[in-house]
Each structure stands twice: as structure tokens, then as C-alpha cells.
>>> print(open('my_file_23.cif').read())   # mmCIF, C-alpha atoms and all ligand atoms
data_final
loop_
_atom_site.group_PDB
_atom_site.id
_atom_site.type_symbol
_atom_site.label_atom_id
_atom_site.label_comp_id
_atom_site.auth_asym_id
_atom_site.auth_seq_id
_atom_site.Cartn_x
_atom_site.Cartn_y
_atom_site.Cartn_z
ATOM 1 C CA MET A 1 219.322 124.500 196.832
ATOM 2 C CA THR A 2 216.894 124.373 193.899
ATOM 3 C CA LEU A 3 217.822 122.489 190.761
ATOM 4 C CA SER A 4 217.398 125.387 188.401
ATOM 5 C CA VAL A 5 216.635 129.032 189.028
ATOM 6 C CA ILE A 6 215.444 129.834 185.504
ATOM 7 C CA PHE A 7 212.819 127.043 185.542
ATOM 8 C CA ASP A 8 211.567 127.682 189.096
ATOM 9 C CA ASN A 9 208.117 129.313 189.016
ATOM 10 C CA PHE A 10 208.676 129.528 185.259
ATOM 11 C CA PHE A 11 205.254 130.974 184.387
ATOM 12 C CA LYS A 12 204.997 133.368 187.369
ATOM 13 C CA SER A 13 205.696 137.095 187.172
ATOM 14 C CA THR A 14 209.001 136.541 189.021
ATOM 15 C CA GLY A 15 209.968 133.470 186.942
ATOM 16 C CA GLY A 16 212.122 132.654 183.931
ATOM 17 C CA LEU A 17 209.539 133.039 181.169
ATOM 18 C CA GLN A 18 208.857 136.693 181.951
ATOM 19 C CA PHE A 19 212.586 137.304 181.980
ATOM 20 C CA VAL A 20 213.199 135.576 178.642
ATOM 21 C CA ALA A 21 210.194 137.424 177.171
ATOM 22 C CA ARG A 22 211.571 140.719 178.568
ATOM 23 C CA TRP A 23 214.984 140.076 177.018
ATOM 24 C CA LEU A 24 213.518 139.157 173.620
ATOM 25 C CA HIS A 25 211.083 142.087 173.836
ATOM 26 C CA VAL A 26 213.939 144.558 174.270
ATOM 27 C CA LEU A 27 216.081 142.782 171.621
ATOM 28 C CA VAL A 28 213.468 142.985 168.879
ATOM 29 C CA GLY A 29 212.341 146.400 170.179
ATOM 30 C CA ILE A 30 215.805 147.864 169.524
ATOM 31 C CA ALA A 31 215.787 146.302 166.029
ATOM 32 C CA TRP A 32 212.441 147.994 165.308
ATOM 33 C CA ILE A 33 213.183 151.401 166.770
ATOM 34 C CA GLY A 34 216.762 151.343 165.458
ATOM 35 C CA LEU A 35 215.462 150.949 161.917
ATOM 36 C CA LEU A 36 212.791 153.611 162.551
ATOM 37 C CA TYR A 37 215.544 156.055 163.530
ATOM 38 C CA PHE A 38 217.649 154.974 160.550
ATOM 39 C CA PHE A 39 214.748 155.751 158.183
ATOM 40 C CA ASN A 40 214.033 159.119 159.791
ATOM 41 C CA PHE A 41 217.471 160.458 160.668
ATOM 42 C CA VAL A 42 219.665 158.848 157.986
ATOM 43 C CA GLN A 43 217.727 157.525 154.985
ATOM 44 C CA THR A 44 215.308 160.420 154.378
ATOM 45 C CA PRO A 45 217.943 163.217 154.407
ATOM 46 C CA SER A 46 220.404 161.079 152.388
ATOM 47 C CA PHE A 47 217.820 160.123 149.765
ATOM 48 C CA ALA A 48 217.000 163.816 149.280
ATOM 49 C CA GLU A 49 220.612 164.301 148.145
ATOM 50 C CA LEU A 50 220.782 161.274 145.814
ATOM 51 C CA SER A 51 220.141 161.475 142.070
ATOM 52 C CA PRO A 52 216.696 160.039 141.095
ATOM 53 C CA GLY A 53 218.341 156.944 139.551
ATOM 54 C CA ALA A 54 220.490 156.208 142.595
ATOM 55 C CA ARG A 55 217.512 156.827 144.885
ATOM 56 C CA ASN A 56 215.360 154.370 142.958
ATOM 57 C CA GLU A 57 218.095 151.723 143.160
ATOM 58 C CA ALA A 58 218.435 152.309 146.891
ATOM 59 C CA PHE A 59 214.649 152.014 147.425
ATOM 60 C CA ASP A 60 214.670 148.744 145.502
ATOM 61 C CA LYS A 61 217.696 147.142 147.175
ATOM 62 C CA LEU A 62 218.114 148.806 150.574
ATOM 63 C CA THR A 63 214.744 150.130 151.757
ATOM 64 C CA TRP A 64 212.927 146.987 150.676
ATOM 65 C CA ARG A 65 215.203 144.802 152.843
ATOM 66 C CA ALA A 66 215.145 147.221 155.760
ATOM 67 C CA LEU A 67 211.333 147.253 155.669
ATOM 68 C CA TRP A 68 211.196 143.455 156.102
ATOM 69 C CA TRP A 69 213.234 143.602 159.312
ATOM 70 C CA PHE A 70 211.347 146.724 160.400
ATOM 71 C CA ARG A 71 207.826 145.351 160.168
ATOM 72 C CA TRP A 72 208.609 141.880 161.543
ATOM 73 C CA ALA A 73 210.660 143.326 164.411
ATOM 74 C CA ALA A 74 207.609 145.476 165.199
ATOM 75 C CA MET A 75 205.377 142.389 165.195
ATOM 76 C CA ALA A 76 207.805 140.410 167.366
ATOM 77 C CA THR A 77 208.074 143.315 169.842
ATOM 78 C CA PHE A 78 204.309 143.345 170.101
ATOM 79 C CA ALA A 79 204.111 139.548 170.552
ATOM 80 C CA MET A 80 206.703 139.548 173.359
ATOM 81 C CA GLY A 81 205.025 142.585 174.940
ATOM 82 C CA VAL A 82 201.637 140.849 174.962
ATOM 83 C CA LEU A 83 203.269 137.779 176.532
ATOM 84 C CA LEU A 84 204.825 139.958 179.256
ATOM 85 C CA LEU A 85 201.535 141.705 179.878
ATOM 86 C CA GLY A 86 199.713 138.372 180.074
ATOM 87 C CA ILE A 87 202.180 136.997 182.653
ATOM 88 C CA TYR A 88 201.983 140.136 184.810
ATOM 89 C CA ALA A 89 198.248 140.727 184.613
ATOM 90 C CA SER A 90 197.383 137.085 185.337
ATOM 91 C CA ASP A 91 199.817 136.701 188.231
ATOM 92 C CA ASN A 92 199.354 140.107 189.908
ATOM 93 C CA THR A 93 195.670 140.859 189.665
ATOM 94 C CA ASP A 94 196.290 144.489 190.645
ATOM 95 C CA TYR A 95 198.997 145.032 187.953
ATOM 96 C CA LEU A 96 196.647 147.122 185.818
ATOM 97 C CA THR A 97 194.795 148.872 188.679
ATOM 98 C CA LYS A 98 197.718 150.061 190.857
ATOM 99 C CA PHE A 99 200.465 152.507 189.803
ATOM 100 C CA THR A 100 201.818 150.091 187.182
ATOM 101 C CA GLY A 101 198.546 150.314 185.199
ATOM 102 C CA PRO A 102 198.616 153.930 183.940
ATOM 103 C CA SER A 103 202.345 153.622 183.306
ATOM 104 C CA ILE A 104 202.404 150.468 181.157
ATOM 105 C CA LEU A 105 199.070 151.315 179.494
ATOM 106 C CA THR A 106 200.422 154.715 178.410
ATOM 107 C CA GLY A 107 203.448 152.957 176.889
ATOM 108 C CA ILE A 108 201.277 150.332 175.229
ATOM 109 C CA LEU A 109 198.817 152.918 173.836
ATOM 110 C CA LEU A 110 201.704 154.602 172.017
ATOM 111 C CA ALA A 111 203.456 151.334 171.025
ATOM 112 C CA VAL A 112 200.295 149.756 169.591
ATOM 113 C CA THR A 113 199.577 152.969 167.668
ATOM 114 C CA MET A 114 203.114 152.738 166.305
ATOM 115 C CA LEU A 115 202.575 149.082 165.337
ATOM 116 C CA ALA A 116 199.336 149.995 163.524
ATOM 117 C CA ASN A 117 201.150 152.834 161.763
ATOM 118 C CA VAL A 118 203.825 150.377 160.571
ATOM 119 C CA TRP A 119 201.470 147.694 159.279
ATOM 120 C CA MET A 120 198.471 149.760 158.170
ATOM 121 C CA VAL A 121 200.052 152.993 156.902
ATOM 122 C CA ILE A 122 203.829 152.810 156.345
ATOM 123 C CA TRP A 123 204.031 149.323 154.802
ATOM 124 C CA PRO A 124 201.076 149.568 152.342
ATOM 125 C CA ASN A 125 202.225 153.007 151.220
ATOM 126 C CA GLN A 126 205.854 151.946 150.876
ATOM 127 C CA GLN A 127 204.718 148.997 148.735
ATOM 128 C CA ILE A 128 203.146 151.523 146.347
ATOM 129 C CA VAL A 129 206.288 153.698 146.365
ATOM 130 C CA ILE A 130 208.666 150.782 145.776
ATOM 131 C CA GLY A 131 206.324 149.231 143.189
ATOM 132 C CA SER A 132 206.419 152.537 141.303
ATOM 133 C CA VAL A 133 210.194 152.777 141.647
ATOM 134 C CA ARG A 134 210.573 149.249 140.233
ATOM 135 C CA GLN A 135 208.360 150.128 137.266
ATOM 136 C CA GLN A 136 210.669 153.081 136.554
ATOM 137 C CA LEU A 137 213.804 150.951 136.918
ATOM 138 C CA ALA A 138 212.292 148.608 134.316
ATOM 139 C CA GLY A 139 211.860 151.577 131.959
ATOM 140 C CA GLY A 140 208.159 152.205 132.692
ATOM 141 C CA GLU A 141 206.165 155.137 134.064
ATOM 142 C CA ALA A 142 205.868 156.170 137.728
ATOM 143 C CA ASP A 143 202.652 155.224 139.552
ATOM 144 C CA PRO A 144 200.603 158.461 139.897
ATOM 145 C CA ARG A 145 199.880 157.513 143.540
ATOM 146 C CA GLN A 146 203.599 157.597 144.447
ATOM 147 C CA PRO A 147 203.888 161.179 145.818
ATOM 148 C CA ASP A 148 200.772 160.885 148.002
ATOM 149 C CA SER A 149 201.841 157.439 149.285
ATOM 150 C CA ALA A 150 205.330 158.697 150.076
ATOM 151 C CA LYS A 151 203.837 161.563 152.099
ATOM 152 C CA ARG A 152 201.394 159.303 153.983
ATOM 153 C CA GLY A 153 204.166 156.892 154.927
ATOM 154 C CA ALA A 154 206.487 159.728 155.918
ATOM 155 C CA ARG A 155 203.921 161.369 158.227
ATOM 156 C CA ALA A 156 203.191 158.086 160.026
ATOM 157 C CA SER A 157 206.911 157.391 160.332
ATOM 158 C CA ARG A 158 207.493 160.813 161.899
ATOM 159 C CA ALA A 159 204.570 160.278 164.288
ATOM 160 C CA ASN A 160 206.219 157.001 165.375
ATOM 161 C CA THR A 161 209.527 158.786 165.973
ATOM 162 C CA PHE A 162 207.664 161.440 167.987
ATOM 163 C CA PHE A 163 205.770 158.844 170.079
ATOM 164 C CA SER A 164 208.809 156.588 170.617
ATOM 165 C CA ILE A 165 210.385 158.948 173.171
ATOM 166 C CA THR A 166 207.414 158.873 175.548
ATOM 167 C CA MET A 167 206.640 155.217 174.737
ATOM 168 C CA LEU A 168 210.085 154.039 175.860
ATOM 169 C CA TRP A 169 209.941 156.155 179.005
ATOM 170 C CA PHE A 170 206.813 154.362 180.183
ATOM 171 C CA MET A 171 208.058 150.902 179.174
ATOM 172 C CA VAL A 172 211.054 151.351 181.487
ATOM 173 C CA PHE A 173 209.343 153.548 184.102
ATOM 174 C CA THR A 174 206.734 150.902 184.986
ATOM 175 C CA THR A 175 209.108 148.674 186.938
ATOM 176 C CA HIS A 176 211.992 150.990 187.687
ATOM 177 C CA PHE A 177 210.458 154.286 188.879
ATOM 178 C CA ALA A 178 206.637 154.336 188.967
ATOM 179 C CA PRO A 179 206.531 152.721 192.463
ATOM 180 C CA LEU A 180 207.892 155.993 193.891
ATOM 181 C CA TYR A 181 204.732 157.837 192.821
ATOM 182 C CA ALA A 182 202.207 155.979 194.972
ATOM 183 C CA THR A 183 203.011 154.534 198.396
ATOM 184 C CA ALA A 184 199.691 152.733 198.825
ATOM 185 C CA GLY A 185 199.729 151.556 195.222
ATOM 186 C CA ASP A 186 197.023 154.020 194.203
ATOM 187 C CA LEU A 187 197.477 157.172 192.133
ATOM 188 C CA LYS A 188 195.161 160.216 192.248
ATOM 189 C CA ASN A 189 193.178 161.788 189.398
ATOM 190 C CA THR A 190 193.721 158.923 186.964
ATOM 191 C CA ALA A 191 190.543 159.809 185.018
ATOM 192 C CA ILE A 192 191.831 163.334 184.344
ATOM 193 C CA TYR A 193 195.209 161.875 183.395
ATOM 194 C CA TRP A 194 193.603 159.604 180.808
ATOM 195 C CA ILE A 195 191.529 162.409 179.306
ATOM 196 C CA MET A 196 194.730 164.429 178.861
ATOM 197 C CA VAL A 197 196.776 161.519 177.480
ATOM 198 C CA LEU A 198 194.073 160.365 175.075
ATOM 199 C CA ALA A 199 193.444 163.912 173.812
ATOM 200 C CA LEU A 200 197.162 164.528 173.162
ATOM 201 C CA TRP A 201 197.569 161.109 171.521
ATOM 202 C CA ALA A 202 194.488 161.555 169.307
ATOM 203 C CA TRP A 203 195.647 165.004 168.201
ATOM 204 C CA VAL A 204 199.064 163.787 167.039
ATOM 205 C CA GLU A 205 197.815 160.598 165.366
ATOM 206 C CA ALA A 206 194.817 162.236 163.657
ATOM 207 C CA ASN A 207 197.137 164.898 162.262
ATOM 208 C CA ALA A 208 199.651 162.314 161.020
ATOM 209 C CA LEU A 209 196.873 160.441 159.236
ATOM 210 C CA GLY A 210 195.730 163.665 157.587
ATOM 211 C CA TYR A 211 192.366 163.874 159.394
ATOM 212 C CA VAL A 212 193.028 167.395 160.750
ATOM 213 C CA GLY A 213 193.487 169.752 157.837
ATOM 214 C CA GLY A 214 195.206 167.212 155.562
ATOM 215 C CA LEU A 215 198.712 165.769 155.392
ATOM 216 C CA ASP A 216 200.131 169.283 155.030
ATOM 217 C CA SER A 217 198.342 170.802 158.034
ATOM 218 C CA ALA A 218 200.245 173.562 159.846
ATOM 219 C CA TRP A 219 200.993 171.157 162.745
ATOM 220 C CA ASN A 220 202.274 168.410 160.415
ATOM 221 C CA LYS A 221 204.570 170.791 158.578
ATOM 222 C CA PHE A 222 205.854 172.369 161.776
ATOM 223 C CA VAL A 223 206.518 169.172 163.770
ATOM 224 C CA PHE A 224 207.088 166.507 161.120
ATOM 225 C CA ASP A 225 208.826 168.152 158.127
ATOM 226 C CA ASP A 226 212.184 168.393 159.900
ATOM 227 C CA HIS A 227 213.293 165.383 161.956
ATOM 228 C CA LYS A 228 215.159 167.628 164.427
ATOM 229 C CA LYS A 229 211.880 169.321 165.326
ATOM 230 C CA THR A 230 210.183 165.932 165.628
ATOM 231 C CA ILE A 231 212.768 164.995 168.266
ATOM 232 C CA ILE A 232 212.477 168.318 170.130
ATOM 233 C CA TYR A 233 208.653 168.273 170.230
ATOM 234 C CA GLY A 234 208.702 164.552 171.052
ATOM 235 C CA PHE A 235 210.508 165.514 174.259
ATOM 236 C CA VAL A 236 208.051 168.363 174.898
ATOM 237 C CA TYR A 237 205.194 165.848 174.557
ATOM 238 C CA TRP A 238 206.930 163.541 177.058
ATOM 239 C CA ALA A 239 207.479 166.471 179.464
ATOM 240 C CA VAL A 240 203.789 167.455 179.398
ATOM 241 C CA ILE A 241 202.564 163.902 179.960
ATOM 242 C CA PHE A 242 205.122 163.166 182.648
ATOM 243 C CA PHE A 243 205.266 166.421 184.617
ATOM 244 C CA VAL A 244 201.595 167.362 184.380
ATOM 245 C CA GLY A 245 200.336 163.771 184.473
ATOM 246 C CA TRP A 246 202.589 162.120 187.036
ATOM 247 C CA GLU A 247 204.121 164.960 189.072
ATOM 248 C CA ILE A 248 201.076 167.231 189.334
ATOM 249 C CA LEU A 249 197.949 165.171 188.733
ATOM 250 C CA MET A 250 198.527 161.598 189.859
ATOM 251 C CA ARG A 251 201.339 161.418 192.389
ATOM 252 C CA ASN A 252 200.144 160.222 195.779
ATOM 253 C CA VAL A 253 203.179 160.494 198.046
HETATM 254 C C1 LIG B 1 204.004 146.904 170.744
HETATM 255 C C2 LIG B 1 203.430 146.875 171.923
HETATM 256 C C3 LIG B 1 204.148 146.706 173.223
HETATM 257 C C4 LIG B 1 203.640 146.074 174.305
HETATM 258 C C5 LIG B 1 202.265 145.404 174.395
HETATM 259 C C6 LIG B 1 204.626 146.150 175.360
HETATM 260 C C7 LIG B 1 204.470 145.626 176.646
HETATM 261 C C8 LIG B 1 205.408 145.694 177.645
HETATM 262 C C9 LIG B 1 205.228 145.184 178.986
HETATM 263 C C10 LIG B 1 203.978 144.526 179.534
HETATM 264 C C11 LIG B 1 206.373 145.446 179.670
HETATM 265 C C12 LIG B 1 206.659 145.081 181.132
HETATM 266 C C13 LIG B 1 206.582 146.276 182.029
HETATM 267 C C14 LIG B 1 206.934 145.914 183.459
HETATM 268 O O1 LIG B 1 208.134 145.837 183.765
HETATM 269 O O2 LIG B 1 206.000 145.738 184.282
HETATM 270 C C15 LIG B 1 207.285 146.107 178.768
HETATM 271 C C16 LIG B 1 208.546 146.537 179.114
HETATM 272 C C17 LIG B 1 209.434 147.094 178.247
HETATM 273 N N1 LIG B 1 209.222 147.367 176.911
HETATM 274 FE FE1 LIG B 1 207.474 147.084 175.909
HETATM 275 N N2 LIG B 1 205.724 146.807 174.893
HETATM 276 C C18 LIG B 1 205.487 147.169 173.586
HETATM 277 C C19 LIG B 1 206.378 147.844 172.764
HETATM 278 C C20 LIG B 1 207.676 148.181 173.082
HETATM 279 C C21 LIG B 1 208.589 148.825 172.188
HETATM 280 C C22 LIG B 1 208.302 149.283 170.773
HETATM 281 C C23 LIG B 1 209.758 148.960 172.832
HETATM 282 C C24 LIG B 1 210.990 149.600 172.249
HETATM 283 C C25 LIG B 1 212.197 149.239 172.425
HETATM 284 C C26 LIG B 1 209.599 148.400 174.151
HETATM 285 C C27 LIG B 1 210.565 148.352 175.123
HETATM 286 C C28 LIG B 1 210.383 147.918 176.412
HETATM 287 C C29 LIG B 1 211.368 148.004 177.449
HETATM 288 C C30 LIG B 1 212.808 148.551 177.307
HETATM 289 C C31 LIG B 1 210.772 147.505 178.604
HETATM 290 C C32 LIG B 1 211.347 147.478 180.011
HETATM 291 C C33 LIG B 1 212.246 146.341 180.293
HETATM 292 C C34 LIG B 1 212.674 146.426 181.753
HETATM 293 O O3 LIG B 1 212.438 147.428 182.414
HETATM 294 O O4 LIG B 1 213.233 145.443 182.228
HETATM 295 N N3 LIG B 1 208.310 147.946 174.264
HETATM 296 N N4 LIG B 1 206.682 146.242 177.540
#
>>> encode(input="my_file_23.cif", output="C-alpha cells")
Amino acid sequence: MTLSVIFDNFFKSTGGLQFVARWLHVLVGIAWIGLLYFFNFVQTPSFAELSPGARNEAFDKLTWRALWWFRWAAMATFAMGVLLLGIYASDNTDYLTKFTGPSILTGILLAVTMLANVWMVIWPNQQIVIGSVRQQLAGGEADPRQPDSAKRGARASRANTFFSITMLWFMVFTTHFAPLYATAGDLKNTAIYWIMVLALWAWVEANALGYVGGLDSAWNKFVFDDHKKTIIYGFVYWAVIFFVGWEILMRNV
């Protein structure tokens, strides 16, 4: 009998460190995505119904606090994810080249885009919005950049909600279902898969950033104005990537 199971082969892909990292990764991941869903499904529609004074108070006291947990949970999710990836890729040299590769890399492509949206778009723009709100609460004027910043942050936040559905699928799929798609460990047509995934990803992200016809492009208004549509088309996006990508293009069984 070994002395301790958790410390046996601690740094290996079957050992305790990967398991602790996995647990912490999911723990901080739910904190991040939970707050993302709170902002999109609860805060935005509620704020639209509040009086301007009450809304400003809520931005100052509630949103400000929520944003601290939101952005640091995102960073911690990333850190634990990179640790997991490091353990797997260094221990199993074929982790990224066999069926697990396209699965986890699809999840990571979307998750890292979401992290960049949090730190490089949502947070800087929300600082402008809340700075402006605080000026108004102190009896001053609104910052003229506030409406544009609010829209930029909102589009990136909706893109994250949209991506989160497919992102989480591939996080979980990698270990629990992807093995069924390739008996010999190899998938077919991975190059075509990546062209499709990258094109779909670039289209959504470029739109959210306003690079395709501005922040009020027809796509942005259609998919991102109403959170219910963001959810519906988020599932359509998942269905295209999964059924076309994995069931039609890549499966090798
Ligand atoms: C930010 C960048 C991220 C990176 C680099 C990353 C990386 C990883 C890696 C390498 C795995 C292990 C996959 C395997 O089992 O082989 C994983 C699993 C997982 N990730 Fe992430 N991830 C990220 C973001 C997220 C986010 C935002 C969530 C949201 C909750 C999340 C949730 C999960 C879940 C639930 C699992 C599967 C746990 C299991 O099946 O036991 N990840 N991630």
C-alpha cells in the first residue's frame, strides 16, 4: 500500500497536482462565468428598468465589486488552465497531436479570447463608465465617452456569453467524450476543421469589436442586442462546430 495517493506521481498527468489544478480551475471558472451570466441575464435588463440615480448608485456599489471578482476569477481560471495544459502536454507528448488536441485547443481559443475581452475591452471600458457615473454622483458632468464605452463593453460581454457555450463543451469533451471520435488517436481533416473554426471565431470576435461595420452592425444588433438571442445563436454556433467539425469532418471511427 502506498503512503499517500494524492502525492504519488504528483506532477504526472495522472497525479494529484493535475487533479487539484482541475478542481481549482472549475471552481474559479464557475465564479467567472457565473458573474458573466449575472451581468448579461440579470444586471443589464434590471439596470434598464432602474431610475438613472439608482442605476448610478448600483454601478458604483454593486458592479464595481462584481467586476473585481469577475476579472480576477478570469485570470485565475486561465492560470489553472495553463497549469493543467502544461502537465498534460509535458507528460503525454501526443496530447496536442491526437484527438485531445483539436478539442482542448478549440476550448482554449474561445476561453483565451474571452479572457482578452475581459481584460482588454470590458474592464477598461467599464472603468470609463463607472468613472463617469462617480463624477455624476458627486454632482459633476457625465464623461462624453460613456455611451461608446458602455456599448463596447456590452458587445464584448455578449460575445463572451455566446462563446461560453461552445467553450465549456470542449473543456469537458476533451477527457470525457472526444476519445470516441478516433480509435487510433488520429482525426481526419483537421486542417479543414481549423479553417472553419478560425473563420467562425474571427467573424464573431471582429464583429463584437466593431471591426465589421461598426458596433451596431446588422449581425451585432441581431445576435447581441437581446440576451435570449445570444443564447440561441450560441447554441447554433456550437452545433455547427460540433456536428460539421466532429461528426462530419474529423471523426475517424
Ligand atoms: C482561460 C483559458 C483556459 C485554459 C487555458 C483552459 C485549459 C484547460 C485544460 C488544459 C483542461 C484539461 C482538459 C483535459 O481534461 O484534458 C481544461 C478542462 C476544463 N476546463 Fe478549462 N481552460 C480555460 C478556461 C476555462 C473556463 C473559462 C472554464 C469555465 C468554467 C473552464 C472549464 C473547464 C472544465 C469544466 C474542464 C473539464 C474538467 C474535467 O473534465 O474534469 N475552462 N481546461
>>> closest_residue(input="my_file_23.cif", among="A:Met114, A:Ala138, A:Ala154, A:Val133", to="ligand LIG 1 (chain B)", atoms="all atoms listed in the file")
A:Met114
>>> atom_distance(input="my_file_23.cif", atom1="atom CA of A:Ala182", atom2="atom CA of A:Asn252")
4.8 Å
>>> resolve_selection(input="my_file_23.cif", expression="the PyMOL selection byres (((not hetatm)) within 8 of (chain B and resi 1))", output="PDB file with C-alpha atoms, in the coordinates of the input")
ATOM      1  CA  ARG A  22     211.571 140.719 178.568  1.00  0.00           C
ATOM      2  CA  TRP A  23     214.984 140.076 177.018  1.00  0.00           C
ATOM      3  CA  HIS A  25     211.083 142.087 173.836  1.00  0.00           C
ATOM      4  CA  VAL A  26     213.939 144.558 174.270  1.00  0.00           C
ATOM      5  CA  LEU A  27     216.081 142.782 171.621  1.00  0.00           C
ATOM      6  CA  VAL A  28     213.468 142.985 168.879  1.00  0.00           C
ATOM      7  CA  GLY A  29     212.341 146.400 170.179  1.00  0.00           C
ATOM      8  CA  ILE A  30     215.805 147.864 169.524  1.00  0.00           C
ATOM      9  CA  ALA A  31     215.787 146.302 166.029  1.00  0.00           C
ATOM     10  CA  TRP A  32     212.441 147.994 165.308  1.00  0.00           C
ATOM     11  CA  ILE A  33     213.183 151.401 166.770  1.00  0.00           C
ATOM     12  CA  ALA A  74     207.609 145.476 165.199  1.00  0.00           C
ATOM     13  CA  MET A  75     205.377 142.389 165.195  1.00  0.00           C
ATOM     14  CA  THR A  77     208.074 143.315 169.842  1.00  0.00           C
ATOM     15  CA  PHE A  78     204.309 143.345 170.101  1.00  0.00           C
ATOM     16  CA  ALA A  79     204.111 139.548 170.552  1.00  0.00           C
ATOM     17  CA  MET A  80     206.703 139.548 173.359  1.00  0.00           C
ATOM     18  CA  GLY A  81     205.025 142.585 174.940  1.00  0.00           C
ATOM     19  CA  VAL A  82     201.637 140.849 174.962  1.00  0.00           C
ATOM     20  CA  LEU A  83     203.269 137.779 176.532  1.00  0.00           C
ATOM     21  CA  LEU A  84     204.825 139.958 179.256  1.00  0.00           C
ATOM     22  CA  LEU A  85     201.535 141.705 179.878  1.00  0.00           C
ATOM     23  CA  GLY A  86     199.713 138.372 180.074  1.00  0.00           C
ATOM     24  CA  TYR A  88     201.983 140.136 184.810  1.00  0.00           C
ATOM     25  CA  TYR A  95     198.997 145.032 187.953  1.00  0.00           C
ATOM     26  CA  THR A 100     201.818 150.091 187.182  1.00  0.00           C
ATOM     27  CA  ILE A 104     202.404 150.468 181.157  1.00  0.00           C
ATOM     28  CA  GLY A 107     203.448 152.957 176.889  1.00  0.00           C
ATOM     29  CA  ILE A 108     201.277 150.332 175.229  1.00  0.00           C
ATOM     30  CA  LEU A 109     198.817 152.918 173.836  1.00  0.00           C
ATOM     31  CA  LEU A 110     201.704 154.602 172.017  1.00  0.00           C
ATOM     32  CA  ALA A 111     203.456 151.334 171.025  1.00  0.00           C
ATOM     33  CA  VAL A 112     200.295 149.756 169.591  1.00  0.00           C
ATOM     34  CA  MET A 114     203.114 152.738 166.305  1.00  0.00           C
ATOM     35  CA  LEU A 115     202.575 149.082 165.337  1.00  0.00           C
ATOM     36  CA  SER A 164     208.809 156.588 170.617  1.00  0.00           C
ATOM     37  CA  MET A 167     206.640 155.217 174.737  1.00  0.00           C
ATOM     38  CA  LEU A 168     210.085 154.039 175.860  1.00  0.00           C
ATOM     39  CA  PHE A 170     206.813 154.362 180.183  1.00  0.00           C
ATOM     40  CA  MET A 171     208.058 150.902 179.174  1.00  0.00           C
ATOM     41  CA  VAL A 172     211.054 151.351 181.487  1.00  0.00           C
ATOM     42  CA  PHE A 173     209.343 153.548 184.102  1.00  0.00           C
ATOM     43  CA  THR A 174     206.734 150.902 184.986  1.00  0.00           C
ATOM     44  CA  THR A 175     209.108 148.674 186.938  1.00  0.00           C
ATOM     45  CA  HIS A 176     211.992 150.990 187.687  1.00  0.00           C
TER      46      HIS A 176
END
>>> resolve_selection(input="my_file_23.cif", expression="the PyMOL selection byres (((chain A and resi 161) around 8) and not hetatm)", output="compact mmCIF listing (two decimals) with C-alpha atoms, in the frame of the given file")
# COMPACT_ATOMS: atom_id res chain seq x y z
CA LEU A 36 212.79 153.61 162.55
CA TYR A 37 215.54 156.06 163.53
CA ASN A 40 214.03 159.12 159.79
CA SER A 157 206.91 157.39 160.33
CA ARG A 158 207.49 160.81 161.90
CA ALA A 159 204.57 160.28 164.29
CA ASN A 160 206.22 157.00 165.38
CA PHE A 162 207.66 161.44 167.99
CA PHE A 163 205.77 158.84 170.08
CA SER A 164 208.81 156.59 170.62
CA ILE A 165 210.38 158.95 173.17
CA THR A 230 210.18 165.93 165.63
CA ILE A 231 212.77 165.00 168.27
CA GLY A 234 208.70 164.55 171.05
>>> residues_near_point(input="my_file_23.cif", point="(194.2, 167.6, 180.3)", cutoff="10 Å", atoms="only C-alpha atoms", output="list of chain:residue names")
A:Ala191, A:Ile192, A:Tyr193, A:Trp194, A:Ile195, A:Met196, A:Val197, A:Leu198, A:Ala199, A:Leu200, A:Val240, A:Ile241, A:Val244, A:Gly245, A:Leu249
>>> atom_distance(input="my_file_23.cif", atom1="atom CA of A:Asn220", atom2="atom CA of A:Asn207")
6.5 Å
>>> atom_distance(input="my_file_23.cif", atom1="atom CA of A:Gln146", atom2="atom CA of A:Gly131")
8.9 Å
>>> closest_residue(input="my_file_23.cif", among="A:Arg251, A:Arg55, A:Lys229, A:Lys151", to="A:Leu209", atoms="only C-alpha atoms")
A:Lys151
>>> closest_residue(input="my_file_23.cif", among="A:Val118, A:Tyr237, A:Phe99, A:Ser149", to="A:Val253", atoms="all atoms listed in the file")
A:Phe99
>>> resolve_selection(input="my_file_23.cif", expression="the PyMOL selection byres (((chain A and resi 132) around 9) and not hetatm)", output="number ranges by chain")
A: 127-131, 133-137, 140-146
